[in-house]
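Participant: For reference, the file protein-v3.txt (compact mmCIF, C-alpha atoms (C1' of nucleotides)) is included below:
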```
# COMPACT_ATOMS: atom_id res chain seq x y z
CA MET O 1 56.87 115.98 82.02
CA ASP O 2 58.12 115.07 78.58
CA PRO O 3 61.90 114.62 78.86
CA ASP O 4 62.51 116.66 75.76
CA ASP O 5 60.51 119.63 77.05
CA ARG O 6 62.19 119.37 80.41
CA ARG O 7 65.57 119.38 78.75
CA ARG O 8 64.76 122.50 76.76
CA GLN O 9 63.26 124.20 79.81
CA ILE O 10 66.38 123.56 81.87
CA LEU O 11 68.59 124.81 79.05
CA ALA O 12 66.57 128.00 78.70
CA ARG O 13 66.65 128.80 82.42
CA ALA O 14 70.34 127.94 82.64
CA TRP O 15 71.20 130.25 79.74
CA THR O 16 69.18 133.05 81.31
CA LEU O 17 71.38 132.84 84.38
CA PHE O 18 74.65 132.23 82.59
CA ARG O 19 74.37 135.31 80.46
CA GLU O 20 73.93 137.67 83.40
CA ARG O 21 76.69 136.24 85.58
CA PRO O 22 79.92 134.37 84.75
CA TYR O 23 80.07 130.60 84.95
CA GLY O 24 81.63 130.30 88.39
CA GLU O 25 79.11 132.56 90.06
CA VAL O 26 76.08 130.52 89.05
CA SER O 27 75.57 127.42 91.18
CA SER O 28 73.84 124.27 90.02
CA THR O 29 71.52 124.63 92.97
CA GLU O 30 70.41 128.01 91.69
CA ILE O 31 69.80 126.70 88.19
CA ALA O 32 67.84 123.78 89.56
CA ALA O 33 65.74 126.09 91.71
CA ALA O 34 65.08 128.42 88.78
CA ALA O 35 64.00 125.48 86.66
CA GLY O 36 61.85 124.09 89.48
CA VAL O 37 63.63 120.74 89.65
CA SER O 38 66.00 119.04 92.01
CA ARG O 39 69.71 119.51 91.62
CA GLY O 40 70.34 115.83 91.04
CA LEU O 41 68.21 116.00 87.92
CA LEU O 42 70.67 118.31 86.25
CA ASN O 43 73.27 115.61 86.64
CA HIS O 44 70.85 113.07 85.31
CA TYR O 45 70.29 115.05 82.13
CA PHE O 46 73.64 116.68 81.46
CA GLY O 47 76.14 114.74 83.55
CA THR O 48 78.09 117.68 84.88
CA LYS O 49 77.65 121.40 85.29
CA ARG O 50 80.22 122.08 82.60
CA GLU O 51 78.37 119.93 80.08
CA LEU O 52 75.17 121.76 80.93
CA TYR O 53 76.93 125.01 80.20
CA LEU O 54 78.29 123.76 76.90
CA ALA O 55 74.88 122.46 75.90
CA ALA O 56 73.27 125.80 76.74
CA VAL O 57 75.80 127.76 74.70
CA ALA O 58 75.53 125.38 71.76
CA GLU O 59 71.74 125.64 71.87
CA MET O 60 71.71 129.42 71.88
CA LEU O 61 74.38 129.64 69.22
CA SER O 62 72.38 127.57 66.76
CA VAL O 63 70.35 130.54 65.59
CA PRO O 64 69.03 130.34 62.05
CA PRO O 65 71.69 131.90 59.82
CA VAL O 66 71.09 134.94 57.67
CA PRO O 67 69.65 133.78 54.34
CA VAL O 68 71.93 134.05 51.35
CA PRO O 69 70.60 136.81 49.08
CA GLU O 70 69.04 135.62 45.88
CA TYR O 71 71.07 136.14 42.77
CA VAL O 72 69.60 139.03 40.84
CA ALA O 73 70.85 139.81 37.37
CA GLY O 74 72.62 143.13 37.29
CA ALA O 75 73.35 143.12 41.03
CA GLY O 76 77.08 143.22 41.72
CA VAL O 77 78.99 141.78 44.64
CA ARG O 78 78.56 145.03 46.54
CA ASP O 79 74.77 144.71 46.52
CA ARG O 80 74.92 141.18 47.84
CA VAL O 81 77.39 142.18 50.52
CA CYS O 82 75.23 145.14 51.50
CA GLN O 83 72.18 142.95 51.88
CA SER O 84 74.04 140.32 53.85
CA VAL O 85 75.64 142.82 56.22
CA ASP O 86 72.23 144.28 56.89
CA GLY O 87 70.80 140.87 57.71
CA TRP O 88 73.70 140.19 60.06
CA LEU O 89 73.25 143.48 61.88
CA GLU O 90 69.53 142.90 62.19
CA LEU O 91 70.08 139.45 63.69
CA LEU O 92 72.65 140.92 66.02
CA GLU O 93 70.41 143.71 67.22
CA ARG O 94 67.63 141.28 68.03
CA ASN O 95 69.80 138.92 70.10
CA GLN O 96 72.23 141.42 71.59
CA GLU O 97 72.68 139.92 75.02
CA THR O 98 72.95 136.41 73.67
CA TRP O 99 75.73 137.26 71.27
CA LEU O 100 77.67 139.52 73.55
CA ALA O 101 77.57 136.92 76.31
CA ALA O 102 78.50 134.05 74.02
CA MET O 103 81.65 135.75 72.79
CA SER O 104 83.48 135.22 76.08
CA THR O 105 84.99 131.78 76.12
CA GLY O 106 86.97 131.86 79.34
CA GLY O 107 89.81 129.84 77.90
CA ASP O 108 87.81 126.65 77.98
CA PRO O 109 89.11 124.75 74.93
CA GLU O 110 85.91 122.83 74.29
CA LEU O 111 83.79 125.94 74.56
CA GLU O 112 86.24 127.73 72.32
CA ARG O 113 85.67 125.03 69.75
CA ILE O 114 81.92 125.56 69.83
CA VAL O 115 82.18 129.32 69.38
CA ASP O 116 84.79 128.77 66.70
CA GLN O 117 82.42 126.58 64.76
CA ALA O 118 79.86 129.37 64.78
CA ARG O 119 82.48 131.72 63.40
CA GLU O 120 83.43 129.25 60.70
CA ARG O 121 79.78 129.11 59.71
CA MET O 122 79.92 132.88 59.30
CA VAL O 123 82.92 132.46 57.04
CA ASP O 124 81.04 129.84 55.03
CA HIS O 125 78.20 132.28 54.68
CA ILE O 126 80.45 135.04 53.37
CA ILE O 127 82.12 132.67 50.93
CA GLU O 128 78.75 131.71 49.56
CA VAL O 129 77.50 135.26 49.33
CA VAL O 130 80.47 136.52 47.39
CA GLY O 131 80.93 133.34 45.40
CA LEU O 132 84.45 132.51 46.50
CA GLY O 133 83.84 128.77 46.78
CA PRO O 134 86.35 127.53 44.18
CA VAL O 135 89.21 129.74 45.35
CA ALA O 136 88.58 129.03 49.02
CA ARG O 137 88.77 125.30 48.48
CA SER O 138 92.22 125.42 46.94
CA ARG O 139 93.62 128.22 49.10
CA PRO O 140 92.97 127.85 52.84
CA GLU O 141 94.45 131.32 53.37
CA VAL O 142 91.21 132.74 52.07
CA ARG O 143 89.32 131.23 54.97
CA GLY O 144 91.96 132.57 57.31
CA MET O 145 91.58 136.11 56.07
CA LEU O 146 87.79 135.95 56.13
CA ARG O 147 88.05 134.67 59.67
CA GLY O 148 89.98 137.84 60.31
CA PHE O 149 87.11 139.83 58.86
CA SER O 150 84.71 138.14 61.25
CA GLY O 151 86.95 139.44 64.05
CA LEU O 152 86.59 142.90 62.57
CA ALA O 153 82.82 142.50 62.45
CA GLU O 154 82.64 141.33 66.05
CA ALA O 155 84.79 144.16 67.34
CA THR O 156 82.95 146.92 65.48
CA SER O 157 79.59 145.45 66.47
CA ALA O 158 80.66 145.52 70.10
CA GLU O 159 81.61 149.15 69.62
CA TRP O 160 78.08 149.77 68.42
CA LEU O 161 76.11 147.71 70.93
CA ARG O 162 78.23 148.05 74.04
CA ARG O 163 80.26 151.24 73.93
CA GLY O 164 78.14 153.26 71.54
CA ARG O 165 81.10 154.83 69.78
CA LEU O 166 79.59 153.77 66.45
CA THR O 167 76.04 153.86 65.14
CA ARG O 168 74.43 150.99 63.33
CA ARG O 169 74.60 152.88 60.09
CA GLN O 170 78.30 153.56 60.54
CA VAL O 171 78.98 149.91 61.26
CA HIS O 172 77.08 148.99 58.13
CA VAL O 173 79.00 151.36 55.86
CA PHE O 174 82.25 150.36 57.51
CA LEU O 175 81.79 146.62 57.18
CA GLU O 176 80.39 146.75 53.67
CA GLU O 177 83.26 148.89 52.43
CA ALA O 178 85.85 146.85 54.30
CA LEU O 179 84.59 143.56 52.92
CA VAL O 180 84.46 144.83 49.36
CA ARG O 181 88.01 146.17 49.56
CA LEU O 182 89.08 142.91 51.14
CA LEU O 183 87.68 140.86 48.31
CA GLU O 184 88.70 143.05 45.43
CA ASP O 185 92.09 144.25 46.54
CA ILE O 186 93.59 142.81 49.68
CA ILE O 187 92.92 139.10 49.28
CA PRO O 188 94.25 139.04 45.70
CA LEU O 189 97.28 140.97 46.87
CA VAL O 190 98.10 138.48 49.63
CA LEU O 191 97.49 135.48 47.38
CA GLY O 192 99.69 136.96 44.65
CA ASP O 193 102.35 137.88 47.15
CA ALA O 194 102.97 134.22 47.94
CA ALA O 195 104.27 133.78 44.38
CA ARG O 196 107.30 135.89 45.16
CA MET D 197 111.86 136.52 101.89
CA ASP D 198 111.33 140.07 100.64
CA PRO D 199 107.55 140.60 100.36
CA ASP D 200 107.91 142.14 96.93
CA ASP D 201 109.87 139.19 95.59
CA ARG D 202 107.42 136.79 97.15
CA ARG D 203 104.55 138.63 95.51
CA ARG D 204 106.19 138.46 92.10
CA GLN D 205 107.08 134.81 92.58
CA ILE D 206 103.50 133.88 93.42
CA LEU D 207 102.19 135.87 90.46
CA ALA D 208 104.60 134.16 88.07
CA ARG D 209 103.71 130.66 89.28
CA ALA D 210 100.02 131.46 89.24
CA TRP D 211 100.16 132.74 85.68
CA THR D 212 102.06 129.65 84.59
CA LEU D 213 99.19 127.51 85.81
CA PHE D 214 96.38 129.81 84.67
CA ARG D 215 97.56 129.88 81.10
CA GLU D 216 97.56 126.10 80.70
CA ARG D 217 94.22 125.45 82.38
CA PRO D 218 91.09 127.58 82.75
CA TYR D 219 90.43 129.47 85.96
CA GLY D 220 88.05 126.98 87.57
CA GLU D 221 90.38 124.03 87.14
CA VAL D 222 93.26 125.57 89.03
CA SER D 223 92.88 125.40 92.82
CA SER D 224 94.47 127.82 95.24
CA THR D 225 96.01 124.81 96.96
CA GLU D 226 97.79 123.92 93.75
CA ILE D 227 99.08 127.45 93.22
CA ALA D 228 100.28 127.59 96.80
CA ALA D 229 102.06 124.26 96.43
CA ALA D 230 103.68 125.33 93.16
CA ALA D 231 104.88 128.53 94.78
CA GLY D 232 106.12 126.66 97.83
CA VAL D 233 104.00 128.58 100.32
CA SER D 234 100.93 127.87 102.38
CA ARG D 235 97.50 128.45 100.94
CA GLY D 236 96.59 130.99 103.57
CA LEU D 237 99.41 133.18 102.37
CA LEU D 238 97.72 133.69 99.02
CA ASN D 239 94.78 135.18 100.87
CA HIS D 240 97.12 137.33 102.90
CA TYR D 241 98.67 138.84 99.77
CA PHE D 242 95.79 138.98 97.33
CA GLY D 243 92.66 138.65 99.43
CA THR D 244 90.80 136.24 97.18
CA LYS D 245 91.55 133.83 94.38
CA ARG D 246 89.80 136.06 91.86
CA GLU D 247 91.94 139.05 92.82
CA LEU D 248 95.03 136.91 92.47
CA TYR D 249 93.90 136.00 88.97
CA LEU D 250 93.23 139.62 88.03
CA ALA D 251 96.60 140.66 89.40
CA ALA D 252 98.35 137.94 87.40
CA VAL D 253 96.62 138.93 84.16
CA ALA D 254 97.29 142.62 84.71
CA GLU D 255 100.94 141.87 85.42
CA MET D 256 101.43 139.82 82.28
CA LEU D 257 99.48 142.25 80.12
CA SER D 258 101.75 145.14 81.01
CA VAL D 259 104.28 144.20 78.35
CA PRO D 260 106.36 147.05 76.99
CA PRO D 261 104.51 148.50 74.01
CA VAL D 262 105.96 148.52 70.52
CA PRO D 263 107.99 151.72 70.11
CA VAL D 264 106.55 154.35 67.83
CA PRO D 265 108.72 154.55 64.71
CA GLU D 266 110.83 157.65 64.39
CA TYR D 267 109.67 160.20 61.92
CA VAL D 268 111.88 160.02 58.86
CA ALA D 269 111.60 162.61 56.15
CA GLY D 270 110.31 161.08 52.94
CA ALA D 271 108.75 158.10 54.70
CA GLY D 272 105.00 157.94 54.13
CA VAL D 273 102.30 156.56 56.35
CA ARG D 274 102.71 153.15 54.75
CA ASP D 275 106.31 152.89 55.89
CA ARG D 276 105.40 153.75 59.45
CA VAL D 277 102.52 151.29 59.42
CA CYS D 278 104.74 148.58 57.98
CA GLN D 279 107.32 149.09 60.69
CA SER D 280 104.72 149.14 63.44
CA VAL D 281 102.95 146.00 62.23
CA ASP D 282 106.28 144.22 62.14
CA GLY D 283 107.01 145.25 65.71
CA TRP D 284 103.60 144.05 66.81
CA LEU D 285 104.01 140.66 65.14
CA GLU D 286 107.46 140.27 66.63
CA LEU D 287 106.13 140.98 70.11
CA LEU D 288 103.29 138.58 69.51
CA GLU D 289 105.54 135.76 68.33
CA ARG D 290 107.73 136.09 71.39
CA ASN D 291 104.85 135.96 73.90
CA GLN D 292 102.47 133.66 72.05
CA GLU D 293 101.05 131.71 74.96
CA THR D 294 100.69 134.79 77.10
CA TRP D 295 98.66 136.68 74.54
CA LEU D 296 96.54 133.82 73.36
CA ALA D 297 95.68 132.91 76.94
CA ALA D 298 94.95 136.50 77.95
CA MET D 299 92.40 137.00 75.20
CA SER D 300 89.84 134.79 76.91
CA THR D 301 87.89 136.81 79.42
CA GLY D 302 85.27 134.34 80.53
CA GLY D 303 82.60 136.98 80.86
CA ASP D 304 84.13 138.42 84.00
CA PRO D 305 83.37 142.15 83.70
CA GLU D 306 86.37 143.32 85.68
CA LEU D 307 88.73 141.12 83.71
CA GLU D 308 87.08 142.29 80.52
CA ARG D 309 87.90 145.84 81.58
CA ILE D 310 91.57 145.00 82.02
CA VAL D 311 91.88 143.37 78.61
CA ASP D 312 89.90 146.22 77.09
CA GLN D 313 92.38 148.72 78.46
CA ALA D 314 95.19 146.82 76.75
CA ARG D 315 93.27 147.03 73.49
CA GLU D 316 92.67 150.73 73.92
CA ARG D 317 96.40 151.15 74.39
CA MET D 318 96.85 149.46 71.02
CA VAL D 319 94.42 151.94 69.50
CA ASP D 320 96.37 154.79 71.08
CA HIS D 321 99.50 153.38 69.54
CA ILE D 322 97.99 153.25 66.06
CA ILE D 323 96.66 156.78 66.38
CA GLU D 324 100.09 158.01 67.28
CA VAL D 325 101.82 156.08 64.51
CA VAL D 326 99.57 157.38 61.76
CA GLY D 327 99.21 160.83 63.25
CA LEU D 328 95.44 160.84 63.68
CA GLY D 329 95.49 162.57 67.05
CA PRO D 330 93.53 165.73 66.15
CA VAL D 331 90.77 163.92 64.25
CA ALA D 332 90.42 161.20 66.88
CA ARG D 333 89.89 163.73 69.64
CA SER D 334 86.93 165.38 67.93
CA ARG D 335 85.45 162.22 66.40
CA PRO D 336 85.13 159.25 68.77
CA GLU D 337 84.03 157.09 65.85
CA VAL D 338 87.66 156.97 64.75
CA ARG D 339 88.59 155.17 67.93
CA GLY D 340 85.67 152.82 67.42
CA MET D 341 86.79 151.87 63.94
CA LEU D 342 90.40 151.42 64.99
CA ARG D 343 89.18 149.23 67.80
CA GLY D 344 87.57 147.20 65.04
CA PHE D 345 90.93 146.95 63.33
CA SER D 346 92.45 145.60 66.52
CA GLY D 347 89.81 142.85 66.36
CA LEU D 348 90.95 142.14 62.83
CA ALA D 349 94.55 141.98 63.99
CA GLU D 350 93.74 139.61 66.84
CA ALA D 351 91.73 137.26 64.66
CA THR D 352 94.28 137.04 61.86
CA SER D 353 97.10 136.62 64.36
CA ALA D 354 95.22 133.72 65.92
CA GLU D 355 94.89 132.23 62.42
CA TRP D 356 98.64 132.44 62.14
CA LEU D 357 99.69 131.25 65.59
CA ARG D 358 96.96 128.76 66.40
CA ARG D 359 95.44 127.35 63.23
CA GLY D 360 98.30 127.95 60.86
CA ARG D 361 96.09 128.93 57.94
CA LEU D 362 98.16 132.07 57.47
CA THR D 363 101.90 132.64 57.57
CA ARG D 364 103.52 135.49 59.39
CA ARG D 365 104.35 137.19 56.11
CA GLN D 366 100.76 136.90 54.93
CA VAL D 367 99.47 138.39 58.15
CA HIS D 368 101.91 141.24 57.75
CA VAL D 369 100.91 142.05 54.19
CA PHE D 370 97.25 141.66 55.08
CA LEU D 371 97.29 143.93 58.12
CA GLU D 372 99.48 146.57 56.53
CA GLU D 373 97.29 146.79 53.47
CA ALA D 374 94.08 146.70 55.49
CA LEU D 375 95.20 149.49 57.80
CA VAL D 376 96.33 151.72 54.96
CA ARG D 377 93.03 151.27 53.14
CA LEU D 378 91.21 151.88 56.37
CA LEU D 379 92.98 155.17 56.95
CA GLU D 380 92.94 156.48 53.42
CA ASP D 381 89.55 155.34 52.19
CA ILE D 382 87.18 153.73 54.65
CA ILE D 383 87.46 156.03 57.67
CA PRO D 384 87.02 159.19 55.55
CA LEU D 385 84.06 157.54 53.86
CA VAL D 386 82.31 156.73 57.14
CA LEU D 387 83.05 160.16 58.60
CA GLY D 388 81.77 161.88 55.48
CA ASP D 389 78.71 159.66 55.38
CA ALA D 390 77.50 161.10 58.67
CA ALA D 391 77.00 164.44 56.93
CA ARG D 392 74.10 163.06 54.90
C1' DA R 393 118.05 144.72 127.68
C1' DC R 394 113.20 144.11 127.57
C1' DA R 395 108.52 144.66 126.29
C1' DC R 396 105.65 145.42 122.42
C1' DG R 397 103.53 146.26 117.99
C1' DT R 398 104.00 144.91 113.22
C1' DT R 399 104.23 141.77 109.55
C1' DG R 400 105.17 137.25 107.22
C1' DT R 401 103.49 132.61 107.62
C1' DT R 402 101.01 128.51 108.90
C1' DG R 403 97.33 125.28 110.02
C1' DG R 404 92.65 124.49 110.84
C1' DC R 405 87.60 125.42 110.97
C1' DA R 406 83.10 126.44 108.73
C1' DG R 407 80.30 127.13 104.81
C1' DT R 408 79.36 126.07 100.15
C1' DT R 409 79.42 123.51 95.94
C1' DC R 410 79.67 119.48 93.08
C1' DG R 411 79.57 114.59 91.51
C1' DC R 412 77.62 110.36 92.61
C1' DC R 413 74.41 106.91 94.27
C1' DA R 414 70.69 104.72 96.64
C1' DA R 415 65.75 105.04 96.97
C1' DT R 416 61.08 106.22 95.28
C1' DA R 417 57.46 106.83 92.00
C1' DG R 418 55.14 106.70 87.76
C1' DC R 419 54.36 104.30 83.38
C1' DG R 420 54.31 101.19 79.56
C1' DG R 421 54.86 96.41 77.92
C1' DT R 422 53.96 91.43 78.42
C1' DA M 423 49.26 91.57 87.73
C1' DC M 424 54.08 91.64 87.39
C1' DC M 425 58.28 93.57 85.80
C1' DG M 426 61.56 96.70 84.03
C1' DC M 427 62.70 101.29 82.71
C1' DT M 428 63.11 106.04 83.33
C1' DA M 429 62.21 110.45 85.62
C1' DT M 430 63.04 112.46 89.98
C1' DT M 431 64.48 113.23 94.65
C1' DG M 432 67.29 113.56 98.78
C1' DG M 433 71.54 112.77 100.95
C1' DC M 434 76.53 111.50 101.52
C1' DG M 435 81.37 112.35 100.79
C1' DA M 436 85.06 114.92 98.73
C1' DA M 437 87.05 119.22 97.36
C1' DC M 438 87.54 123.99 97.58
C1' DT M 439 87.42 128.70 99.37
C1' DG M 440 87.38 132.45 102.78
C1' DC M 441 88.48 133.60 107.27
C1' DC M 442 90.70 133.56 111.71
C1' DA M 443 93.54 132.30 115.53
C1' DA M 444 98.16 131.25 116.55
C1' DC M 445 103.18 131.43 116.01
C1' DA M 446 107.61 133.42 114.57
C1' DA M 447 110.75 136.98 113.26
C1' DC M 448 112.05 141.55 113.42
C1' DG M 449 112.30 146.36 114.32
C1' DT M 450 111.36 150.08 117.86
C1' DG M 451 110.65 152.76 121.89
C1' DT M 452 111.86 153.05 126.73
```
Can the structure in the file be given as structure tokens, please?
Facilitator:
Amino acid sequence: MDPDDRRRQILARAWTLFRERPYGEVSSTEIAAAAGVSRGLLNHYFGTKRELYLAAVAEMLSVPPVPVPEYVAGAGVRDRVCQSVDGWLELLERNQETWLAAMSTGGDPELERIVDQARERMVDHIIEVVGLGPVARSRPEVRGMLRGFSGLAEATSAEWLRRGRLTRRQVHVFLEEALVRLLEDIIPLVLGDAAR
Amino acid sequence: MDPDDRRRQILARAWTLFRERPYGEVSSTEIAAAAGVSRGLLNHYFGTKRELYLAAVAEMLSVPPVPVPEYVAGAGVRDRVCQSVDGWLELLERNQETWLAAMSTGGDPELERIVDQARERMVDHIIEVVGLGPVARSRPEVRGMLRGFSGLAEATSAEWLRRGRLTRRQVHVFLEEALVRLLEDIIPLVLGDAAR
DNA sequence: ACACGTTGTTGGCAGTTCGCCAATAGCGGT
DNA sequence: ACCGCTATTGGCGAACTGCCAACAACGTGT
């Protein structure tokens, strides 16, 4: 079989197993059996079980990002935020299990780095949507606070998808309002506060 | 040695190791050696390695909660929030490694439940501080949104302690302002929105 | 005082898992 | 046709975990 296809096939099967059970409870033998190959081949392709895991997570985390809304004359920041939040929730609803499973890092520093990169991409996306590029470049605190917002988004989304204490609509209203307030009031306040 | 002391000693040593390296990279043999006992004794006390891990996390997560600020006449919600946030940050700064390490659940459902309980306790604390008890009991969404805020707090705190993109003062101003806005504007908005 | 059950403690055995390597087979280039 | 390269397999050795038998210390009933 074509090595590239085989690689993708193994990654897909591995991720299927990894997202239902934690890392330690899935054996390489099981992955190999599920993929219909010998166990030694996993080593041949990915070196070690850990690297296979990292590769699988990285693969599944490279989902196409939500498109940045077009700039429409007359549309304020709130409209763009609303549209972007909706895209994010849609993407989330479609890949529930993937996202929920990927959020647990298990303290592995390298894995943490991979997930962290995905979160930074989310921050990049927000910065672009709301047009904060210039400020963000000179003030790293802005990225820090937006990273905080991504924590808010993850937690409320989990409340929606896992615990059901919030509806999708509520999450939408909540996040949209929170982000707008953040941009218009809180971030300027914190940045100005440093002048004291 | 007194069984209770021995138990605590093993838990302390185990947690020391678990917080510097992920679960899979710490062997029971190593823990036993560090604690100065035989490996079989770990099984005698905790049954399995996993249970030992859970016990260690639960032990270290049972830190004394931040005291609820006294009610002072003339002090508004903002004052109480400010005081509470400060207590939380203080606690966090003192037990950095413990908290940062405990936040990684590794997809283990039982462990996830333990950490989740700690987060719910934080929500309880906030509810008590801002006096939202009555509303929260009839509207579970309130707990959901406050759980979102705890995600915000965790993420910004990590930005402060780990990445250093925020200072402690900035985190304080940010969280205080965000929580006040949440209580006064955003939560009422979401609750009212459901009436549509 | 002596036998005995209980509990802390140890070492070792068996099963499983993982990383590595030698061996085989297919396939393209010269 | 020969040769090298890569995919693929099976197996070996090391490490780790769970379990159990054995030993020691200590309290208790007779």
Participant: Kindly give the distance, in Å, that separates CA of Ala75 (chain O) and CA of Arg181 (chain O), rounded to a single decimal.
Facilitator: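 It comes out at 17.2 Å.
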Participant: Quick one: of O:Val72, O:Leu189, O:Glu20, O:Arg13, who's nearest to Ala32 (chain O), counting all atoms listed in the file?
Facilitator: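 Answer, going by the shortest atom-to-atom distance: O:Arg13.
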Participant: Contacts between chain M and chain O, please, where a residue of chain O counts if it comes within 10 Å (with all atoms listed in the file); show its shortest atom pair and distance in Å to one decimal, rows by chain and ascending number, as a Markdown table.
Facilitator:
```
| residue | atom | partner | partner_atom | distance |
| --- | --- | --- | --- | --- |
| O:Met1 | CA | M:DA429 | C1' | 8.5 |
| O:Asp2 | CA | M:DA429 | C1' | 9.4 |
| O:Pro3 | CA | M:DA429 | C1' | 7.9 |
| O:Val37 | CA | M:DT430 | C1' | 8.3 |
| O:Ser38 | CA | M:DT431 | C1' | 6.6 |
| O:Arg39 | CA | M:DT431 | C1' | 8.7 |
| O:Gly40 | CA | M:DT431 | C1' | 7.4 |
| O:Leu41 | CA | M:DT430 | C1' | 6.6 |
| O:His44 | CA | M:DA429 | C1' | 9.0 |
| O:Tyr45 | CA | M:DA429 | C1' | 9.9 |
```
Participant: Since we have the selection now, will you write its residues out, keeping C-alpha atoms, as a CSV table (one decimal), keeping the file's coordinate frame?
Facilitator:
```csv
chain,number,residue,atom,x,y,z
O,1,MET,CA,56.9,116.0,82.0
O,2,ASP,CA,58.1,115.1,78.6
O,3,PRO,CA,61.9,114.6,78.9
O,37,VAL,CA,63.6,120.7,89.6
O,38,SER,CA,66.0,119.0,92.0
O,39,ARG,CA,69.7,119.5,91.6
O,40,GLY,CA,70.3,115.8,91.0
O,41,LEU,CA,68.2,116.0,87.9
O,44,HIS,CA,70.8,113.1,85.3
O,45,TYR,CA,70.3,115.0,82.1
```
Participant: What is the CA of Gly344 (chain D) to CA of Glu159 (chain O) distance in Å?
Facilitator: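 These two atoms are separated by 7.8 Å.
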Participant: For the contact check between chain O and chain R, emit one row per residue of chain O within 10 Å, containing the shortest atom pair and the distance in Å rounded to one decimal, counting only C-alpha atoms (C1' of nucleotides), chain then rising number order, as a tab-separated table.
Facilitator:
```
residue	atom	partner	partner_atom	distance
O:Ser27	CA	R:DT409	C1'	7.3
O:Ser28	CA	R:DC410	C1'	8.1
O:Thr29	CA	R:DT409	C1'	8.5
O:Gly40	CA	R:DC412	C1'	9.2
O:Asn43	CA	R:DG411	C1'	8.0
O:Gly47	CA	R:DG411	C1'	8.7
O:Thr48	CA	R:DG411	C1'	7.5
O:Lys49	CA	R:DC410	C1'	8.3
```
Participant: Pull C-alpha atoms from the residues just selected and write them as a tab-separated table (two decimals), keeping the file's coordinate frame.
Facilitator:
```
chain	number	residue	atom	x	y	z
O	27	SER	CA	75.57	127.42	91.18
O	28	SER	CA	73.84	124.27	90.02
O	29	THR	CA	71.52	124.63	92.97
O	40	GLY	CA	70.34	115.83	91.04
O	43	ASN	CA	73.27	115.61	86.64
O	47	GLY	CA	76.14	114.74	83.55
O	48	THR	CA	78.09	117.68	84.88
O	49	LYS	CA	77.65	121.40	85.29
```
Participant: Could you jot down the CA of Phe242 (chain D) to CA of Arg315 (chain D) separation for me, Å, one decimal place?
Facilitator: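 Separating CA of Phe242 (chain D) from CA of Arg315 (chain D) is a distance of 25.3 Å.
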Participant: Do you know which residues are at most 10 Å from Ser84 (chain O) counting all atoms listed in the file, after dropping those on the same chain fewer than 6 positions away, and could you put them as an MDAnalysis selection string?
Facilitator: chainID O and resid 66:69 78 90 125:126 129:130 176
Participant: Taking into account only C-alpha atoms, which residue in the set D:Thr212, D:Gln205, D:Asn291, D:Thr363 is nearest to chain O?
Facilitator: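 Closest to chain O, using only C-alpha atoms: D:Thr363.
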Participant: Of the candidates D:Arg358, D:Arg333, D:Arg339, D:Arg309, which shows the shortest atom-to-atom distance to chain O, using all atoms listed in the file?
Facilitator: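 Looking only at the distances to chain O, the closest residue turns out to be D:Arg339.
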Participant: How big is the axis-aligned box around the listed atoms of region 423-438 of chain M once 4 Å is added on each side, and where is its centre? Give both in Å to one decimal, as JSON.
Facilitator:
```
{"center_x": 68.4, "center_y": 107.8, "center_z": 92.1, "size_x": 46.3, "size_y": 40.4, "size_z": 26.8}
```
Participant: In terms of the shortest atom-to-atom distance over only C-alpha atoms, which of D:Trp211, D:Glu255, D:Pro261, D:Pro330 is closest to Leu288 (chain D)?
Facilitator: D:Pro261
